[in-house]
file query20.cif (mmCIF, C-alpha atoms and all ligand atoms)
data_upload
#
loop_
_atom_site.label_atom_id
_atom_site.label_comp_id
_atom_site.auth_asym_id
_atom_site.auth_seq_id
_atom_site.Cartn_x
_atom_site.Cartn_y
_atom_site.Cartn_z
CA MET A 137 0.00 0.00 0.00
CA ASN A 138 1.45 3.35 -0.88
CA LYS A 139 1.73 6.13 1.64
CA PHE A 140 -0.96 8.25 0.01
CA ILE A 141 -3.67 5.55 0.17
CA SER A 142 -2.88 4.54 3.74
CA MET A 143 -3.11 8.23 4.70
CA ARG A 144 -6.56 8.42 3.06
CA ILE A 145 -7.73 5.34 4.98
CA LEU A 146 -6.42 6.80 8.21
CA LEU A 147 -8.23 10.09 7.57
CA THR A 148 -11.51 8.35 6.69
CA GLY A 149 -11.16 6.37 9.90
CA PHE A 150 -10.71 9.58 11.85
CA SER A 151 -13.71 11.32 10.36
CA LEU A 152 -15.86 8.24 10.96
CA LEU A 153 -14.73 8.22 14.57
CA SER A 154 -15.49 11.88 15.07
CA LEU A 155 -18.90 11.44 13.42
CA MET A 156 -19.63 8.59 15.80
CA SER A 157 -18.66 10.57 18.87
CA LEU A 158 -20.67 13.53 17.59
CA SER A 159 -23.81 11.42 17.27
CA ALA A 160 -23.19 9.93 20.71
CA THR A 161 -23.09 13.33 22.37
CA SER A 162 -26.03 14.74 20.45
CA SER A 163 -28.24 11.67 20.65
CA PHE A 164 -30.66 13.53 22.94
CA SER A 165 -31.45 16.35 20.58
CA SER A 166 -34.75 18.22 20.56
CA GLU A 167 -36.23 15.71 18.08
CA SER A 168 -35.82 12.83 20.49
CA ASN A 169 -39.12 11.72 21.80
CA ILE A 170 -39.85 12.31 25.45
CA GLU A 171 -40.39 8.65 26.24
CA THR A 172 -36.88 7.73 25.16
CA LEU A 173 -35.51 10.53 27.29
CA ILE A 174 -37.54 9.43 30.30
CA GLU A 175 -36.23 5.88 29.91
CA SER A 176 -32.68 7.19 29.88
CA CYS A 177 -33.29 8.91 33.23
CA ALA A 178 -35.14 5.97 34.77
CA VAL A 179 -32.04 3.75 34.44
CA CYS A 180 -30.61 5.59 37.45
CA HIS A 181 -33.71 7.20 38.91
CA ASN A 182 -35.95 4.27 39.69
CA ALA A 183 -36.93 3.29 43.21
CA ALA A 184 -34.17 0.71 43.53
CA GLY A 185 -31.14 2.97 43.23
CA PRO A 186 -29.61 3.80 46.60
CA VAL A 187 -27.25 6.46 45.23
CA SER A 188 -29.52 8.29 42.83
CA PRO A 189 -32.58 10.03 44.17
CA ASN A 190 -35.94 8.56 43.36
CA LEU A 191 -37.83 11.08 41.24
CA ALA A 192 -41.29 9.48 41.34
CA GLY A 193 -43.74 11.99 42.84
CA GLN A 194 -41.06 14.66 43.35
CA LYS A 195 -42.16 18.30 42.94
CA ARG A 196 -42.30 19.50 39.35
CA ASP A 197 -40.85 23.01 39.68
CA TYR A 198 -38.12 21.83 42.04
CA MET A 199 -37.00 19.22 39.48
CA ILE A 200 -37.03 21.75 36.64
CA GLU A 201 -34.72 24.01 38.62
CA ARG A 202 -32.38 21.16 39.54
CA ILE A 203 -32.16 19.78 35.98
CA ASN A 204 -31.32 23.27 34.74
CA ILE A 205 -28.48 23.49 37.25
CA PHE A 206 -27.09 20.08 36.23
CA ARG A 207 -27.37 21.02 32.54
CA ASP A 208 -25.51 24.29 33.04
CA LYS A 209 -22.75 22.96 35.30
CA PRO A 210 -20.96 20.00 33.67
CA ASP A 211 -18.76 19.27 36.70
CA LEU A 212 -21.59 18.95 39.18
CA ASN A 213 -22.50 15.41 38.17
CA VAL A 214 -20.28 13.99 35.46
CA SER A 215 -22.20 10.73 35.07
CA MET A 216 -25.54 12.48 34.57
CA PHE A 217 -24.30 15.39 32.48
CA PRO A 218 -24.32 13.54 29.12
CA PHE A 219 -28.01 12.78 29.63
CA VAL A 220 -29.09 16.34 30.42
CA GLN A 221 -26.65 18.50 28.48
CA ASN A 222 -28.76 18.79 25.30
CA LEU A 223 -32.22 18.96 26.84
CA SER A 224 -34.34 21.90 25.75
CA ASP A 225 -36.46 23.82 28.25
CA SER A 226 -39.64 22.20 26.96
CA GLU A 227 -38.11 18.71 27.21
CA ILE A 228 -37.09 19.42 30.80
CA GLU A 229 -40.64 20.52 31.58
CA ALA A 230 -42.14 17.40 29.99
CA ILE A 231 -39.75 15.10 31.87
CA ALA A 232 -40.41 16.84 35.21
CA GLU A 233 -44.14 16.67 34.54
CA HIS A 234 -43.86 12.94 33.95
CA PHE A 235 -41.86 12.10 37.07
CA SER A 236 -43.94 14.33 39.32
CA SER A 237 -47.12 12.56 38.17
CA LEU A 238 -45.82 9.10 39.18
CA GLU A 239 -46.87 7.61 42.47
CA SER A 240 -44.23 8.10 45.18
CA VAL A 241 -42.66 5.10 46.89
CA THR A 242 -41.12 4.51 50.30
CA SER A 243 -37.55 3.28 50.28
CA ALA A 244 -37.20 2.74 54.08
CA ASN A 245 -33.51 1.95 53.64
CA GLY A 246 -32.20 3.96 56.58
CA ASP A 247 -31.04 2.69 59.95
CA ALA A 248 -34.20 1.62 61.82
CA GLU A 249 -32.68 2.47 65.20
CA LYS A 250 -32.11 6.08 64.20
CA VAL A 251 -35.68 6.74 63.13
CA LYS A 252 -36.92 7.91 66.55
CA ARG A 253 -34.08 10.38 66.93
CA GLY A 254 -34.64 11.59 63.39
CA GLU A 255 -38.29 12.18 64.09
CA GLN A 256 -37.44 14.43 67.03
CA ALA A 257 -34.85 16.28 64.97
CA SER A 258 -37.35 16.81 62.14
CA ALA A 259 -39.23 19.45 64.15
CA TYR A 260 -37.06 22.06 62.44
CA CYS A 261 -37.91 20.78 58.99
CA LEU A 262 -41.70 20.71 59.13
CA SER A 263 -42.28 24.31 58.20
CA CYS A 264 -40.80 23.79 54.75
CA HIS A 265 -40.80 20.04 54.05
CA GLY A 266 -44.24 19.33 55.53
CA VAL A 267 -45.41 17.34 58.54
CA LYS A 268 -44.82 14.00 56.81
CA GLY A 269 -42.06 15.02 54.43
CA LYS A 270 -44.43 16.25 51.73
CA SER A 271 -43.71 19.91 51.08
CA ALA A 272 -46.57 22.28 50.33
CA ASN A 273 -44.61 24.26 47.76
CA SER A 274 -43.85 23.06 44.22
CA GLU A 275 -40.35 24.55 44.37
CA TRP A 276 -39.33 22.75 47.56
CA PRO A 277 -38.57 19.03 47.51
CA ASN A 278 -40.52 16.23 49.13
CA LEU A 279 -38.37 14.12 51.43
CA ALA A 280 -40.84 11.35 52.34
CA GLY A 281 -39.67 7.91 51.22
CA GLN A 282 -36.49 9.19 49.53
CA ASN A 283 -33.36 7.02 49.56
CA SER A 284 -31.65 7.39 52.89
CA SER A 285 -28.07 7.48 51.63
CA TYR A 286 -29.01 10.11 49.05
CA LEU A 287 -30.66 12.28 51.73
CA TYR A 288 -27.63 11.90 53.97
CA GLN A 289 -25.21 12.89 51.19
CA GLN A 290 -27.28 15.99 50.38
CA LEU A 291 -27.50 17.09 54.02
CA LYS A 292 -23.73 16.74 54.32
CA ALA A 293 -23.28 18.66 51.06
CA PHE A 294 -25.41 21.56 52.38
CA ARG A 295 -23.50 21.59 55.65
CA ASP A 296 -20.08 21.41 54.00
CA GLY A 297 -20.96 23.95 51.32
CA THR A 298 -20.62 21.64 48.29
CA ARG A 299 -24.32 22.09 47.56
CA ASP A 300 -25.24 25.70 47.49
CA ASN A 301 -28.38 26.74 49.37
CA LEU A 302 -28.25 29.33 52.08
CA MET A 303 -31.50 28.25 53.75
CA MET A 304 -30.44 24.63 54.09
CA LYS A 305 -26.87 25.50 55.04
CA THR A 306 -28.05 27.71 57.90
CA ILE A 307 -30.28 24.93 59.23
CA VAL A 308 -27.79 22.03 59.20
CA LYS A 309 -24.52 23.89 59.76
CA ASP A 310 -23.98 22.58 63.31
CA TYR A 311 -25.30 19.04 62.86
CA ASP A 312 -22.86 16.13 63.11
CA ASP A 313 -22.92 13.12 60.77
CA GLU A 314 -24.89 10.93 63.18
CA TYR A 315 -27.60 13.54 63.48
CA LEU A 316 -27.85 13.85 59.70
CA LYS A 317 -28.03 10.06 59.33
CA ALA A 318 -30.89 9.98 61.84
CA LEU A 319 -32.78 12.59 59.82
CA ALA A 320 -32.14 10.68 56.59
CA SER A 321 -33.31 7.40 58.16
CA TYR A 322 -36.47 9.02 59.46
CA TYR A 323 -37.46 10.55 56.12
CA SER A 324 -36.65 7.42 54.11
CA GLN A 325 -39.31 5.41 55.95
CA LEU A 326 -42.15 7.92 55.75
CA LYS A 327 -45.01 6.97 53.46
CA PRO A 328 -45.47 9.74 50.90
C1 LIG B 401 -25.93 7.67 35.36
C2 LIG B 401 -26.97 7.86 36.31
C3 LIG B 401 -27.94 8.99 36.06
C4 LIG B 401 -28.69 9.24 34.93
C5 LIG B 401 -28.72 8.46 33.63
C6 LIG B 401 -29.50 10.39 35.23
N1 LIG B 401 -29.24 10.82 36.51
FE1 LIG B 401 -30.18 12.35 37.48
N2 LIG B 401 -28.98 12.06 39.13
C7 LIG B 401 -28.05 11.05 39.25
C8 LIG B 401 -27.40 11.17 40.55
C9 LIG B 401 -26.30 10.25 41.08
C10 LIG B 401 -27.98 12.28 41.20
C11 LIG B 401 -27.62 12.86 42.56
C12 LIG B 401 -26.61 13.91 42.33
C13 LIG B 401 -26.05 14.48 43.58
O1 LIG B 401 -25.69 13.73 44.47
O2 LIG B 401 -25.99 15.69 43.64
C14 LIG B 401 -28.98 12.82 40.26
C15 LIG B 401 -29.81 13.91 40.54
C16 LIG B 401 -30.89 14.29 39.76
C17 LIG B 401 -31.89 15.27 40.15
C18 LIG B 401 -31.99 15.99 41.47
C19 LIG B 401 -33.02 15.30 42.36
C20 LIG B 401 -33.23 15.96 43.68
O3 LIG B 401 -34.00 15.39 44.50
O4 LIG B 401 -32.68 17.02 43.93
C21 LIG B 401 -32.76 15.39 39.10
C22 LIG B 401 -33.99 16.27 39.03
C23 LIG B 401 -32.29 14.49 38.05
N3 LIG B 401 -31.16 13.84 38.49
C24 LIG B 401 -32.88 14.36 36.80
C25 LIG B 401 -32.42 13.52 35.79
C26 LIG B 401 -32.98 13.47 34.46
C27 LIG B 401 -34.13 14.34 33.99
C28 LIG B 401 -32.29 12.51 33.76
C29 LIG B 401 -32.49 12.06 32.33
C30 LIG B 401 -32.52 13.05 31.31
C31 LIG B 401 -31.27 11.97 34.66
N4 LIG B 401 -31.38 12.63 35.87
C32 LIG B 401 -30.38 10.97 34.34
C33 LIG B 401 -27.77 10.07 38.32
C34 LIG B 401 -28.30 9.99 37.05
C1 LIG B 402 -36.84 27.43 55.46
C2 LIG B 402 -37.23 26.27 54.67
C3 LIG B 402 -36.51 24.97 54.92
C4 LIG B 402 -36.32 24.31 56.11
C5 LIG B 402 -36.75 24.75 57.50
C6 LIG B 402 -35.66 23.06 55.78
N1 LIG B 402 -35.45 22.98 54.44
FE1 LIG B 402 -34.59 21.44 53.44
N2 LIG B 402 -34.76 22.45 51.68
C7 LIG B 402 -35.33 23.69 51.54
C8 LIG B 402 -35.19 24.11 50.15
C9 LIG B 402 -35.68 25.43 49.57
C10 LIG B 402 -34.51 23.07 49.47
C11 LIG B 402 -34.09 23.04 48.00
C12 LIG B 402 -32.66 23.55 47.93
C13 LIG B 402 -32.10 23.55 46.55
O1 LIG B 402 -32.81 23.90 45.61
O2 LIG B 402 -30.91 23.21 46.41
C14 LIG B 402 -34.26 22.04 50.47
C15 LIG B 402 -33.63 20.85 50.18
C16 LIG B 402 -33.45 19.83 51.09
C17 LIG B 402 -32.90 18.52 50.78
C18 LIG B 402 -32.44 18.04 49.41
C19 LIG B 402 -33.55 17.19 48.82
C20 LIG B 402 -33.24 16.60 47.48
O3 LIG B 402 -34.14 15.95 46.92
O4 LIG B 402 -32.12 16.77 46.97
C21 LIG B 402 -32.88 17.80 51.93
C22 LIG B 402 -32.38 16.39 52.12
C23 LIG B 402 -33.43 18.65 52.97
N3 LIG B 402 -33.77 19.87 52.43
C24 LIG B 402 -33.60 18.25 54.29
C25 LIG B 402 -34.02 19.10 55.31
C26 LIG B 402 -34.05 18.73 56.71
C27 LIG B 402 -33.67 17.35 57.23
C28 LIG B 402 -34.48 19.83 57.41
C29 LIG B 402 -34.60 19.97 58.90
C30 LIG B 402 -33.43 19.68 59.68
C31 LIG B 402 -34.76 20.87 56.43
N4 LIG B 402 -34.46 20.40 55.17
C32 LIG B 402 -35.29 22.12 56.71
C33 LIG B 402 -35.95 24.42 52.52
C34 LIG B 402 -35.96 24.13 53.87
#

call {"tool": "encode", "arguments": {"input": "query20.cif", "output": "structure tokens", "more": "lines below"}}
Ligand code: HEC
Ligand code: HEC
result
Amino acid sequence: MNKFISMRILLTGFSLLSLMSLSATSSFSSESNIETLIESCAVCHNAAGPVSPNLAGQKRDYMIERINIFRDKPDLNVSMFPFVQNLSDSEIEAIAEHFSSLESVTSANGDAEKVKRGEQASAYCLSCHGVKGKSANSEWPNLAGQNSSYLYQQLKAFRDGTRDNLMMKTIVKDYDDEYLKALASYYSQLKP
């Protein structure tokens, strides 16, 4: 094979590769149908996943705001970013609408012994997250039945400043890990 031909083959190979990676990153374009998008989210966001939050029955406007943040900040969640990066505003609304209309579930995967302590600690949370972890406001998240380890990670993130929310930071700033685990255990076993 002469040098010229092998160069051509190499170049064709390269452009094929770049085409493939292009279609991989833009596979969730605005033409994609909503159902396919929803399925791509459900892989991580079903009731079984202990790390990812369960989205079934979560508040619509709260989810819209969160998805927007994840879409605009690639480093925040590198594993989820490829799935949200090309979503349009109307796709985000449709997806949030779908998940918020699903029936909530109870994960109850916290430490059963911590539940009582968590219940006492939850007195400070009622005004915003509701008496039984169901918030009255569409922009504030429900906590009832959510995965315990996810709740714990988020509470730590608010306290340590890696998740930015002044209201939540002020509330949990002096809580130790055990206290946060108790709160997470309590909310994970509430029936939404
Ligand atoms: C590879 C797994 C994965 C996929 C796929 C995925 N997510 Fe996520 N998502 C996560 C994880 C993990 C978190 C928690 C991030 C954190 O700890 O901050 C999260 C957080 C969220 C939250 C915040 C929930 C809350 O209670 O604050 C929303 C909303 C969300 N994802 C929506 C979506 C949507 C919409 C899609 C599909 C277009 C999607 N995710 C696809 C893993 C995933
Ligand atoms: C003054 C109102 C207010 C109070 C009181 C409050 N929260 Fe929140 N909480 C919020 C808001 C608003 C958000 C959404 C923050 C965001 O958008 O990042 C939030 C978010 C959260 C989240 C993240 C949920 C998710 O799905 O990612 C957890 C967990 C949480 N709060 C737990 C608690 C606990 C436990 C208490 C009591 C110790 C409490 N909150 C008290 C307003 C409040």

call {"tool": "residues_around", "arguments": {"input": "query20.cif", "residues": "segment 273-279 of chain A", "least_positions_apart": "4", "cutoff": "7 Å", "atoms": "all atoms listed in the file", "output": "PyMOL selection string"}}
result
chain A and resi 194-198+265+269+323

call {"tool": "atom_distance", "arguments": {"input": "query20.cif", "atom1": "atom CA of Glu229 of chain A", "atom2": "atom C29 of ligand LIG 402 (chain B)"}}
result
28.0 Å

call {"tool": "residues_near_ligand", "arguments": {"input": "query20.cif", "ligand": "ligand LIG 401 (chain B)", "cutoff": "7 Å", "atoms": "all atoms listed in the file", "output": "PDB file with C-alpha atoms, keeping the file's coordinate frame"}}
result
ATOM      1  CA  LEU A 173     -35.510  10.530  27.290  1.00  0.00           C
ATOM      2  CA  ILE A 174     -37.540   9.430  30.300  1.00  0.00           C
ATOM      3  CA  SER A 176     -32.680   7.190  29.880  1.00  0.00           C
ATOM      4  CA  CYS A 177     -33.290   8.910  33.230  1.00  0.00           C
ATOM      5  CA  ALA A 178     -35.140   5.970  34.770  1.00  0.00           C
ATOM      6  CA  VAL A 179     -32.040   3.750  34.440  1.00  0.00           C
ATOM      7  CA  CYS A 180     -30.610   5.590  37.450  1.00  0.00           C
ATOM      8  CA  HIS A 181     -33.710   7.200  38.910  1.00  0.00           C
ATOM      9  CA  VAL A 187     -27.250   6.460  45.230  1.00  0.00           C
ATOM     10  CA  SER A 188     -29.520   8.290  42.830  1.00  0.00           C
ATOM     11  CA  PRO A 189     -32.580  10.030  44.170  1.00  0.00           C
ATOM     12  CA  LEU A 191     -37.830  11.080  41.240  1.00  0.00           C
ATOM     13  CA  MET A 199     -37.000  19.220  39.480  1.00  0.00           C
ATOM     14  CA  ILE A 200     -37.030  21.750  36.640  1.00  0.00           C
ATOM     15  CA  ARG A 202     -32.380  21.160  39.540  1.00  0.00           C
ATOM     16  CA  ILE A 203     -32.160  19.780  35.980  1.00  0.00           C
ATOM     17  CA  ASN A 213     -22.500  15.410  38.170  1.00  0.00           C
ATOM     18  CA  SER A 215     -22.200  10.730  35.070  1.00  0.00           C
ATOM     19  CA  MET A 216     -25.540  12.480  34.570  1.00  0.00           C
ATOM     20  CA  PHE A 219     -28.010  12.780  29.630  1.00  0.00           C
ATOM     21  CA  VAL A 220     -29.090  16.340  30.420  1.00  0.00           C
ATOM     22  CA  ILE A 228     -37.090  19.420  30.800  1.00  0.00           C
ATOM     23  CA  ILE A 231     -39.750  15.100  31.870  1.00  0.00           C
ATOM     24  CA  ALA A 232     -40.410  16.840  35.210  1.00  0.00           C
ATOM     25  CA  PRO A 277     -38.570  19.030  47.510  1.00  0.00           C
ATOM     26  CA  TYR A 286     -29.010  10.110  49.050  1.00  0.00           C
ATOM     27  CA  GLN A 289     -25.210  12.890  51.190  1.00  0.00           C
ATOM     28  CA  GLN A 290     -27.280  15.990  50.380  1.00  0.00           C
TER      29      GLN A 290
END

call {"tool": "atom_distance", "arguments": {"input": "query20.cif", "atom1": "atom CA of Asn245 of chain A", "atom2": "atom CA of Asn204 of chain A"}}
result
28.6 Å

call {"tool": "closest_atom_pairs", "arguments": {"input": "query20.cif", "of": "chain A", "to": "ligand LIG 402 (chain B)", "cutoff": "6 Å", "atoms": "all atoms listed in the file", "output": "JSON lines"}}
result
{"residue": "A:Ser258", "atom": "CA", "partner": "B:LIG402", "partner_atom": "C29", "distance": 5.3}
{"residue": "A:Tyr260", "atom": "CA", "partner": "B:LIG402", "partner_atom": "C29", "distance": 4.8}
{"residue": "A:Cys261", "atom": "CA", "partner": "B:LIG402", "partner_atom": "C29", "distance": 3.4}
{"residue": "A:Ser263", "atom": "CA", "partner": "B:LIG402", "partner_atom": "C5", "distance": 5.6}
{"residue": "A:Cys264", "atom": "CA", "partner": "B:LIG402", "partner_atom": "C2", "distance": 4.3}
{"residue": "A:Trp276", "atom": "CA", "partner": "B:LIG402", "partner_atom": "C9", "distance": 5.0}
{"residue": "A:Pro277", "atom": "CA", "partner": "B:LIG402", "partner_atom": "O3", "distance": 5.4}
{"residue": "A:Leu287", "atom": "CA", "partner": "B:LIG402", "partner_atom": "C22", "distance": 4.5}
{"residue": "A:Gln290", "atom": "CA", "partner": "B:LIG402", "partner_atom": "C22", "distance": 5.4}
{"residue": "A:Leu291", "atom": "CA", "partner": "B:LIG402", "partner_atom": "C22", "distance": 5.3}
{"residue": "A:Asn301", "atom": "CA", "partner": "B:LIG402", "partner_atom": "O2", "distance": 5.3}
{"residue": "A:Met303", "atom": "CA", "partner": "B:LIG402", "partner_atom": "C1", "distance": 5.7}
{"residue": "A:Met304", "atom": "CA", "partner": "B:LIG402", "partner_atom": "FE1", "distance": 5.3}
{"residue": "A:Leu319", "atom": "CA", "partner": "B:LIG402", "partner_atom": "C27", "distance": 5.5}

call {"tool": "atom_distance", "arguments": {"input": "query20.cif", "atom1": "atom CA of Ser285 of chain A", "atom2": "atom CA of Gln325 of chain A"}}
result
12.2 Å

call {"tool": "closest_residue", "arguments": {"input": "query20.cif", "among": "A:Asn190, A:Ser271, A:Gln256, A:Thr172", "to": "Ser240 of chain A", "atoms": "all atoms listed in the file"}}
result
A:Asn190

call {"tool": "closest_residue", "arguments": {"input": "query20.cif", "among": "A:Ser224, A:Gly297, A:Ser243, A:Gly193", "to": "Asp208 of chain A", "atoms": "only C-alpha atoms"}}
result
A:Ser224

call {"tool": "closest_residue", "arguments": {"input": "query20.cif", "among": "A:Glu239, A:Asp310, A:Asp247, A:Glu175", "to": "Pro328 of chain A", "atoms": "all atoms listed in the file"}}
result
A:Glu239

call {"tool": "closest_residue", "arguments": {"input": "query20.cif", "among": "A:Phe235, A:Phe206, A:Tyr322, A:Tyr315", "to": "Lys292 of chain A", "atoms": "only C-alpha atoms"}}
result
A:Tyr315

call {"tool": "decode", "arguments": {"input": "query20.cif", "residues": "segment 183-256 of chain A", "atoms": "C-alpha atoms", "output": "PDB file, in the first residue's frame"}}
result
ATOM      1  CA  ALA A 183     -36.935   3.292  43.205  1.00  0.00           C
ATOM      2  CA  ALA A 184     -34.170   0.706  43.532  1.00  0.00           C
ATOM      3  CA  GLY A 185     -31.136   2.966  43.228  1.00  0.00           C
ATOM      4  CA  PRO A 186     -29.610   3.803  46.600  1.00  0.00           C
ATOM      5  CA  VAL A 187     -27.247   6.456  45.226  1.00  0.00           C
ATOM      6  CA  SER A 188     -29.517   8.293  42.832  1.00  0.00           C
ATOM      7  CA  PRO A 189     -32.583  10.033  44.172  1.00  0.00           C
ATOM      8  CA  ASN A 190     -35.939   8.556  43.362  1.00  0.00           C
ATOM      9  CA  LEU A 191     -37.830  11.082  41.242  1.00  0.00           C
ATOM     10  CA  ALA A 192     -41.290   9.483  41.336  1.00  0.00           C
ATOM     11  CA  GLY A 193     -43.737  11.990  42.840  1.00  0.00           C
ATOM     12  CA  GLN A 194     -41.057  14.656  43.350  1.00  0.00           C
ATOM     13  CA  LYS A 195     -42.159  18.304  42.942  1.00  0.00           C
ATOM     14  CA  ARG A 196     -42.305  19.500  39.350  1.00  0.00           C
ATOM     15  CA  ASP A 197     -40.849  23.007  39.680  1.00  0.00           C
ATOM     16  CA  TYR A 198     -38.123  21.833  42.036  1.00  0.00           C
ATOM     17  CA  MET A 199     -36.997  19.216  39.477  1.00  0.00           C
ATOM     18  CA  ILE A 200     -37.032  21.748  36.644  1.00  0.00           C
ATOM     19  CA  GLU A 201     -34.721  24.012  38.620  1.00  0.00           C
ATOM     20  CA  ARG A 202     -32.377  21.165  39.540  1.00  0.00           C
ATOM     21  CA  ILE A 203     -32.159  19.779  35.982  1.00  0.00           C
ATOM     22  CA  ASN A 204     -31.321  23.271  34.745  1.00  0.00           C
ATOM     23  CA  ILE A 205     -28.480  23.494  37.251  1.00  0.00           C
ATOM     24  CA  PHE A 206     -27.091  20.076  36.229  1.00  0.00           C
ATOM     25  CA  ARG A 207     -27.371  21.022  32.542  1.00  0.00           C
ATOM     26  CA  ASP A 208     -25.510  24.288  33.037  1.00  0.00           C
ATOM     27  CA  LYS A 209     -22.749  22.957  35.301  1.00  0.00           C
ATOM     28  CA  PRO A 210     -20.959  19.999  33.668  1.00  0.00           C
ATOM     29  CA  ASP A 211     -18.758  19.271  36.702  1.00  0.00           C
ATOM     30  CA  LEU A 212     -21.588  18.949  39.180  1.00  0.00           C
ATOM     31  CA  ASN A 213     -22.497  15.411  38.169  1.00  0.00           C
ATOM     32  CA  VAL A 214     -20.276  13.994  35.460  1.00  0.00           C
ATOM     33  CA  SER A 215     -22.205  10.732  35.072  1.00  0.00           C
ATOM     34  CA  MET A 216     -25.536  12.481  34.572  1.00  0.00           C
ATOM     35  CA  PHE A 217     -24.301  15.393  32.476  1.00  0.00           C
ATOM     36  CA  PRO A 218     -24.319  13.542  29.116  1.00  0.00           C
ATOM     37  CA  PHE A 219     -28.014  12.785  29.628  1.00  0.00           C
ATOM     38  CA  VAL A 220     -29.093  16.344  30.424  1.00  0.00           C
ATOM     39  CA  GLN A 221     -26.653  18.504  28.478  1.00  0.00           C
ATOM     40  CA  ASN A 222     -28.765  18.787  25.303  1.00  0.00           C
ATOM     41  CA  LEU A 223     -32.216  18.957  26.844  1.00  0.00           C
ATOM     42  CA  SER A 224     -34.336  21.896  25.750  1.00  0.00           C
ATOM     43  CA  ASP A 225     -36.459  23.818  28.253  1.00  0.00           C
ATOM     44  CA  SER A 226     -39.642  22.204  26.959  1.00  0.00           C
ATOM     45  CA  GLU A 227     -38.110  18.711  27.210  1.00  0.00           C
ATOM     46  CA  ILE A 228     -37.093  19.424  30.803  1.00  0.00           C
ATOM     47  CA  GLU A 229     -40.642  20.515  31.581  1.00  0.00           C
ATOM     48  CA  ALA A 230     -42.135  17.401  29.995  1.00  0.00           C
ATOM     49  CA  ILE A 231     -39.752  15.101  31.871  1.00  0.00           C
ATOM     50  CA  ALA A 232     -40.411  16.839  35.206  1.00  0.00           C
ATOM     51  CA  GLU A 233     -44.142  16.675  34.538  1.00  0.00           C
ATOM     52  CA  HIS A 234     -43.865  12.944  33.953  1.00  0.00           C
ATOM     53  CA  PHE A 235     -41.862  12.097  37.070  1.00  0.00           C
ATOM     54  CA  SER A 236     -43.943  14.331  39.325  1.00  0.00           C
ATOM     55  CA  SER A 237     -47.119  12.562  38.168  1.00  0.00           C
ATOM     56  CA  LEU A 238     -45.822   9.104  39.179  1.00  0.00           C
ATOM     57  CA  GLU A 239     -46.868   7.607  42.473  1.00  0.00           C
ATOM     58  CA  SER A 240     -44.229   8.103  45.181  1.00  0.00           C
ATOM     59  CA  VAL A 241     -42.665   5.099  46.887  1.00  0.00           C
ATOM     60  CA  THR A 242     -41.124   4.507  50.301  1.00  0.00           C
ATOM     61  CA  SER A 243     -37.548   3.276  50.281  1.00  0.00           C
ATOM     62  CA  ALA A 244     -37.203   2.738  54.080  1.00  0.00           C
ATOM     63  CA  ASN A 245     -33.509   1.950  53.637  1.00  0.00           C
ATOM     64  CA  GLY A 246     -32.204   3.962  56.575  1.00  0.00           C
ATOM     65  CA  ASP A 247     -31.036   2.694  59.953  1.00  0.00           C
ATOM     66  CA  ALA A 248     -34.202   1.617  61.816  1.00  0.00           C
ATOM     67  CA  GLU A 249     -32.685   2.473  65.204  1.00  0.00           C
ATOM     68  CA  LYS A 250     -32.108   6.077  64.202  1.00  0.00           C
ATOM     69  CA  VAL A 251     -35.679   6.735  63.135  1.00  0.00           C
ATOM     70  CA  LYS A 252     -36.924   7.912  66.545  1.00  0.00           C
ATOM     71  CA  ARG A 253     -34.076  10.376  66.927  1.00  0.00           C
ATOM     72  CA  GLY A 254     -34.641  11.591  63.395  1.00  0.00           C
ATOM     73  CA  GLU A 255     -38.291  12.176  64.092  1.00  0.00           C
ATOM     74  CA  GLN A 256     -37.436  14.428  67.032  1.00  0.00           C
TER      75      GLN A 256
END
